[in-house]
Every structure is written in structure tokens, then in C-alpha cells.
$ cat target20.csv   # CSV, C-alpha atoms
chain,number,residue,atom,x,y,z
A,1,VAL,CA,0.5,-1.9,10.2
A,2,TYR,CA,2.8,-1.0,13.1
A,3,ASP,CA,2.1,0.6,16.5
A,4,GLY,CA,4.0,3.5,18.1
A,5,ARG,CA,6.8,1.3,19.2
A,6,GLY,CA,7.3,-0.1,15.7
A,7,ASP,CA,5.8,-3.5,16.5
A,8,PRO,CA,3.3,-5.1,14.1
A,9,ILE,CA,-0.3,-4.8,15.0
A,10,PRO,CA,-2.0,-8.3,14.7
A,11,LEU,CA,-4.6,-8.3,11.9
A,12,GLY,CA,-6.7,-11.3,10.9
A,13,PRO,CA,-9.0,-11.8,7.9
A,14,GLU,CA,-11.9,-10.5,10.0
A,15,GLY,CA,-10.3,-7.1,10.1
A,16,VAL,CA,-9.9,-6.7,6.3
A,17,ALA,CA,-12.6,-5.7,3.8
A,18,ALA,CA,-12.1,-4.7,0.2
A,19,ASP,CA,-14.4,-3.3,-2.5
A,20,PRO,CA,-14.3,-4.9,-5.0
A,21,GLU,CA,-13.5,-7.9,-2.9
A,22,SER,CA,-11.4,-9.7,-5.5
A,23,ILE,CA,-11.5,-10.8,-9.1
A,24,ASN,CA,-14.0,-13.5,-8.0
A,25,VAL,CA,-16.7,-10.8,-8.5
A,26,LEU,CA,-16.2,-11.1,-12.3
A,27,PRO,CA,-18.3,-13.5,-14.4
A,28,ASP,CA,-16.9,-16.9,-14.9
A,29,ILE,CA,-14.3,-16.5,-12.1
A,30,THR,CA,-14.7,-18.5,-8.9
A,31,ASP,CA,-12.4,-19.6,-6.1
A,32,ASP,CA,-9.4,-17.5,-7.2
A,33,PRO,CA,-7.1,-17.4,-4.1
A,34,ARG,CA,-6.1,-13.7,-4.6
A,35,THR,CA,-8.6,-12.4,-2.0
A,36,ALA,CA,-8.3,-9.5,0.4
A,37,ASP,CA,-7.4,-11.6,3.4
A,38,LYS,CA,-4.0,-12.3,1.7
A,39,LEU,CA,-3.1,-8.7,2.5
A,40,VAL,CA,-2.5,-9.7,6.1
A,41,ASP,CA,-1.4,-13.3,5.8
A,42,GLY,CA,2.2,-12.5,6.7
A,43,THR,CA,3.8,-13.6,3.4
A,44,ASN,CA,4.8,-10.3,1.7
A,45,ALA,CA,7.8,-10.1,-0.6
A,46,THR,CA,6.9,-13.1,-2.8
A,47,ARG,CA,6.1,-13.9,-6.4
A,48,ASP,CA,3.6,-16.5,-5.3
A,49,ASP,CA,0.3,-15.0,-6.2
A,50,SER,CA,-1.6,-17.2,-3.7
A,51,HIS,CA,-0.4,-14.6,-1.1
A,52,MET,CA,-1.6,-11.6,-3.1
A,53,TRP,CA,-4.7,-9.6,-3.6
A,54,LEU,CA,-6.1,-8.9,-7.1
A,55,THR,CA,-9.2,-6.9,-7.8
A,56,PRO,CA,-11.0,-5.5,-11.0
A,57,TRP,CA,-10.4,-1.9,-11.9
A,58,GLN,CA,-11.9,0.4,-14.5
A,59,ALA,CA,-10.7,3.9,-15.4
A,60,GLY,CA,-12.2,6.5,-13.2
A,61,GLU,CA,-13.1,4.0,-10.5
A,62,MET,CA,-11.4,3.3,-7.2
A,63,ALA,CA,-10.7,0.1,-5.3
A,64,THR,CA,-10.6,0.4,-1.5
A,65,VAL,CA,-9.3,-1.6,1.4
A,66,GLN,CA,-10.7,-1.1,5.0
A,67,LEU,CA,-8.7,-2.2,8.0
A,68,THR,CA,-10.2,-2.5,11.5
A,69,LEU,CA,-7.6,-2.3,14.3
A,70,PRO,CA,-8.2,-4.6,17.3
A,71,THR,CA,-7.3,-2.1,20.0
A,72,THR,CA,-6.7,1.6,20.6
A,73,THR,CA,-3.1,2.4,19.6
A,74,SER,CA,-0.7,4.9,18.1
A,75,LEU,CA,0.5,4.4,14.5
A,76,SER,CA,4.1,4.6,13.5
A,77,MET,CA,4.1,3.2,10.0
A,78,VAL,CA,2.3,1.1,7.3
A,79,LYS,CA,4.3,-1.2,5.1
A,80,LEU,CA,3.3,-2.1,1.6
A,81,TRP,CA,4.4,-4.7,-0.9
A,82,ASN,CA,3.1,-4.2,-4.4
A,83,TYR,CA,1.7,-6.9,-6.7
A,84,ALA,CA,4.7,-9.0,-7.9
A,85,LYS,CA,3.5,-11.7,-10.1
A,86,THR,CA,3.0,-9.2,-12.9
A,87,PRO,CA,4.5,-5.9,-11.6
A,88,SER,CA,2.7,-3.8,-14.2
A,89,ARG,CA,-0.6,-4.8,-12.6
A,90,GLY,CA,0.2,-3.4,-9.2
A,91,VAL,CA,-1.0,-0.2,-7.5
A,92,LYS,CA,0.3,3.0,-9.1
A,93,GLN,CA,-1.2,5.7,-6.8
A,94,LEU,CA,-2.7,5.3,-3.4
A,95,GLU,CA,-4.2,7.3,-0.5
A,96,LEU,CA,-4.3,6.3,3.1
A,97,TYR,CA,-7.0,7.6,5.4
A,98,LEU,CA,-7.7,7.4,9.1
A,99,GLU,CA,-11.5,7.8,9.6
A,100,GLY,CA,-11.8,10.2,6.7
A,101,THR,CA,-8.6,12.2,7.3
A,102,LEU,CA,-5.9,11.9,4.7
A,103,LEU,CA,-2.6,10.6,6.0
A,104,TYR,CA,-0.8,9.9,2.8
A,105,ALA,CA,-1.3,10.5,-0.9
A,106,GLY,CA,1.3,9.5,-3.5
A,107,TYR,CA,2.8,6.8,-5.7
A,108,ALA,CA,3.3,3.2,-4.8
A,109,ARG,CA,6.7,1.5,-5.3
A,110,CYS,CA,6.5,-1.0,-8.1
A,111,ALA,CA,7.7,-4.6,-7.6
A,112,PRO,CA,11.0,-5.3,-9.4
A,113,PRO,CA,10.8,-6.8,-12.9
A,114,LEU,CA,10.7,-10.6,-13.1
A,115,PRO,CA,14.2,-12.0,-13.4
A,116,ARG,CA,15.2,-13.3,-16.9
A,117,PRO,CA,17.1,-16.5,-17.5
A,118,GLY,CA,20.8,-15.7,-17.0
A,119,ASP,CA,20.3,-12.7,-14.7
A,120,SER,CA,22.9,-12.5,-12.0
A,121,VAL,CA,20.4,-11.0,-9.5
A,122,VAL,CA,18.9,-13.4,-7.1
A,123,ASP,CA,15.2,-12.7,-7.1
A,124,GLU,CA,14.8,-13.9,-3.5
A,125,ASP,CA,17.0,-10.9,-2.4
A,126,ALA,CA,14.8,-8.3,-4.1
A,127,ASP,CA,13.4,-5.8,-1.7
A,128,TRP,CA,10.4,-3.7,-2.7
A,129,THR,CA,9.1,-2.8,0.7
A,130,GLN,CA,7.5,0.6,0.9
A,131,THR,CA,7.1,2.3,4.3
A,132,LEU,CA,4.6,5.0,4.9
A,133,LEU,CA,6.4,6.5,8.0
A,134,PHE,CA,4.4,8.6,10.6
A,135,SER,CA,7.0,8.6,13.3
A,136,ASP,CA,10.1,10.8,13.9
A,137,HIS,CA,11.7,8.3,16.3
A,138,PRO,CA,15.4,8.1,15.3
A,139,ALA,CA,15.6,4.3,15.4
A,140,LEU,CA,12.5,3.9,13.2
A,141,VAL,CA,13.6,6.6,10.8
A,142,ASP,CA,17.1,5.0,10.5
A,143,ALA,CA,15.6,1.5,10.0
A,144,GLU,CA,13.1,2.5,7.4
A,145,ARG,CA,15.0,5.3,5.5
A,146,LEU,CA,15.7,3.0,2.5
A,147,HIS,CA,12.0,1.9,2.3
A,148,VAL,CA,10.5,5.4,2.2
A,149,TYR,CA,9.7,5.9,-1.5
A,150,THR,CA,10.6,9.5,-2.4
A,151,THR,CA,12.5,9.1,-5.7
A,152,VAL,CA,13.1,12.1,-8.0
A,153,GLU,CA,10.8,10.6,-10.6
A,154,ILE,CA,7.8,11.0,-8.4
A,155,ALA,CA,8.7,14.0,-6.3
A,156,GLU,CA,6.5,16.4,-8.4
A,157,GLU,CA,3.5,14.0,-8.1
A,158,THR,CA,3.4,13.3,-4.4
A,159,LEU,CA,1.8,15.2,-1.6
A,160,PHE,CA,4.2,15.9,1.3
A,161,LEU,CA,2.9,16.5,4.8
A,162,ASP,CA,4.7,17.4,8.0
A,163,ASN,CA,2.8,17.2,11.3
A,164,GLY,CA,-0.4,18.1,9.5
A,165,ARG,CA,1.1,20.9,7.4
A,166,GLN,CA,1.1,20.5,3.6
A,167,LEU,CA,4.6,21.2,2.3
A,168,SER,CA,4.0,20.6,-1.4
A,169,SER,CA,1.8,18.9,-3.9
A,170,SER,CA,1.0,18.8,-7.5
A,171,SER,CA,-1.5,16.9,-9.6
A,172,ALA,CA,-0.6,14.5,-12.4
A,173,ALA,CA,-2.7,13.1,-15.2
A,174,VAL,CA,-3.8,9.6,-14.7
A,175,GLN,CA,-1.8,7.3,-17.0
A,176,ALA,CA,-3.3,4.4,-18.8
A,177,ARG,CA,-2.9,1.3,-16.6
A,178,PRO,CA,-3.9,-2.3,-16.6
A,179,HIS,CA,-7.3,-2.9,-15.2
A,180,THR,CA,-6.0,-3.6,-11.7
A,181,SER,CA,-4.9,-0.2,-10.7
A,182,ALA,CA,-6.7,2.9,-9.4
A,183,VAL,CA,-6.3,6.5,-8.3
A,184,GLY,CA,-8.3,8.9,-6.2
A,185,PRO,CA,-7.9,12.5,-5.2
A,186,GLY,CA,-7.1,13.6,-1.7
A,187,ARG,CA,-9.3,15.9,0.3
A,188,THR,CA,-8.2,16.9,3.8
A,189,ILE,CA,-4.9,17.5,5.6
A,190,PRO,CA,-4.2,15.1,8.6
A,191,PRO,CA,-3.9,16.1,12.2
A,192,PRO,CA,-0.5,16.2,13.9
A,193,LEU,CA,1.2,12.8,13.8
A,194,GLY,CA,1.5,10.7,17.0
A,195,ALA,CA,-2.2,11.2,17.9
A,196,THR,CA,-4.0,8.3,19.5
A,197,ILE,CA,-5.9,6.1,17.1
A,198,VAL,CA,-9.3,4.7,18.2
A,199,PRO,CA,-10.2,1.2,17.1
A,200,ALA,CA,-12.5,1.7,14.2
A,201,VAL,CA,-12.6,1.2,10.4
A,202,HIS,CA,-9.5,2.7,8.9
A,203,SER,CA,-9.6,2.7,5.1
A,204,THR,CA,-6.9,2.8,2.5
A,205,SER,CA,-7.7,3.8,-1.0
A,206,ALA,CA,-5.7,1.4,-3.1
A,207,ALA,CA,-5.9,-0.9,-6.1
A,208,GLY,CA,-4.6,-3.8,-8.0
A,209,GLY,CA,-2.9,-6.2,-5.8
A,210,GLY,CA,-0.3,-6.4,-3.1
A,211,GLU,CA,0.3,-6.9,0.6
A,212,LEU,CA,0.0,-4.8,3.8
$ encode --input "target20.csv" --output "C-alpha cells"
Amino acid sequence: VYDGRGDPIPLGPEGVAADPESINVLPDITDDPRTADKLVDGTNATRDDSHMWLTPWQAGEMATVQLTLPTTTSLSMVKLWNYAKTPSRGVKQLELYLEGTLLYAGYARCAPPLPRPGDSVVDEDADWTQTLLFSDHPALVDAERLHVYTTVEIAEETLFLDNGRQLSSSSAAVQARPHTSAVGPGRTIPPPLGATIVPAVHSTSAAGGGEL
């Protein structure tokens, strides 16, 4: 989560809450390290699942993450890294809310497939950052343009907003997913971007695993 200048906003484990908290809520699972605090531990583009969050999911249900910002600030962007140990288990669709107001609804960028023996691609160079950009500052737009996920494949299934005005949207049927993904419908259109954000619980509707 980044402030209006594009600087990271410090977030510790005390500022993160998830429901379900992790797969540790399942019977016979204890002490699994893939808990919600890993979303803000600073290790993002990794295949090491000790730095990821994984939570149960059932069709028709929704997993949520709530973030509490430490100070009053403006918001320029949120960066996401989807679950990478098993990319098919990552988030497919997500919504981002600020105190009940929808800021983003769309598809999440999948982590790249695991490299196979003999592949020429170096996995450490893989980049699956996804930026939800809420700023029109030229430097930030230029720096993040390759990370804004707006591919042709998802263009008809994403809600596009401009300064609080809905540009386009269309619904898509929920596809069958592994039991660590979720989807939820949007409700309201956000206020103009660049507004001051008060420090309170800011929730993201997400699922599966990943990093913030």
C-alpha cells in the first residue's frame, strides 16, 4: 500500500486481519506458516510459501483481508503478488474497498507457471506484480504502466472507473476454481480519486493466497 507520493505505507502484523485467517482453521491443520501477516512481511515475488497467505474457500463464499493504516494519508496505489507456489490456487477475482466504497473490481494477475527443467527462463526474473493505480501523477503512471493488469482477455470482465465515474463493466460467470479462490460482486462507485484517507479499517475482498 503506497501513499500519495508513491512511498510504501508501513504495515505490521497488527494492521492485518483476514477471514478465514488461514488454513489453520481447518481440522487437523496446525502451525501452517501461510498466515495473513505474511501479506505484509516484505517478501513478495517469491516461490517460498512461508511468505504467502493461504486460506480455505468454498464456492459462493468470500475471503476477506482488512488493513488498518497507521496514519491519515492519501493513497496512490496498491500492489499485489498472487500466490506462486501453485499458481492455479491464487486469487482470480478481487474487490478493493475503502470503508465500504468500492475502489476496484476486476481480475487478479496470475503468478507465472512454475519453470520446468530445461527452461531458458530464469524464474528469479519473473515479474507478476499487479498495481491497482489510483494516481494520475506522470512519474507513477510511467513507472507502473507495465504492472497495471488490463489485458484483452479480461477487458470484458473488469469494472473500469475514472474519478468516480463508471466507464464500463460486464459480469462474468464464476468459473470452477481450486478451493482457495473467491469472488464477490461490487456495489458502489468510489468518490473522486486523490481524496484524503482517514486511518481506519480498509478492507479488501480477496481470496486464495498472495502478498500485498
$ atom_distance --input "target20.csv" --atom1 "CA of Ala59 (chain A)" --atom2 "CA of Leu103 (chain A)"
23.8 Å
$ residues_around --input "target20.csv" --residues "region 14-31 of chain A" --least-positions-apart "3" --cutoff "7 Å" --atoms "all atoms listed in the file" --output "VMD selection string"
chain A and resid 11 34 to 37 53 to 56 63 to 69
$ closest_residue --input "target20.csv" --among "A:Met62, A:Ser74, A:Leu140, A:Ala126" --to "Glu95 (chain A)" --atoms "only C-alpha atoms"
A:Met62
$ atom_distance --input "target20.csv" --atom1 "CA of Ile9 (chain A)" --atom2 "CA of Gly42 (chain A)"
11.6 Å
$ atom_distance --input "target20.csv" --atom1 "CA of Lys85 (chain A)" --atom2 "CA of Asp49 (chain A)"
6.0 Å
$ closest_residue --input "target20.csv" --among "A:Gly12, A:Pro87, A:Gly60, A:Pro33" --to "Pro113 (chain A)" --atoms "only C-alpha atoms"
A:Pro87
$ residues_around --input "target20.csv" --residues "Arg47 (chain A)" --least-positions-apart "2" --cutoff "9 Å" --atoms "all atoms listed in the file" --output "PDB file with C-alpha atoms, keeping the file's coordinate frame"
ATOM      1  CA  ASN A  44       4.800 -10.300   1.700  1.00  0.00           C
ATOM      2  CA  ALA A  45       7.800 -10.100  -0.600  1.00  0.00           C
ATOM      3  CA  ASP A  49       0.300 -15.000  -6.200  1.00  0.00           C
ATOM      4  CA  SER A  50      -1.600 -17.200  -3.700  1.00  0.00           C
ATOM      5  CA  HIS A  51      -0.400 -14.600  -1.100  1.00  0.00           C
ATOM      6  CA  MET A  52      -1.600 -11.600  -3.100  1.00  0.00           C
ATOM      7  CA  TYR A  83       1.700  -6.900  -6.700  1.00  0.00           C
ATOM      8  CA  ALA A  84       4.700  -9.000  -7.900  1.00  0.00           C
ATOM      9  CA  LYS A  85       3.500 -11.700 -10.100  1.00  0.00           C
ATOM     10  CA  THR A  86       3.000  -9.200 -12.900  1.00  0.00           C
ATOM     11  CA  LEU A 114      10.700 -10.600 -13.100  1.00  0.00           C
TER      12      LEU A 114
END
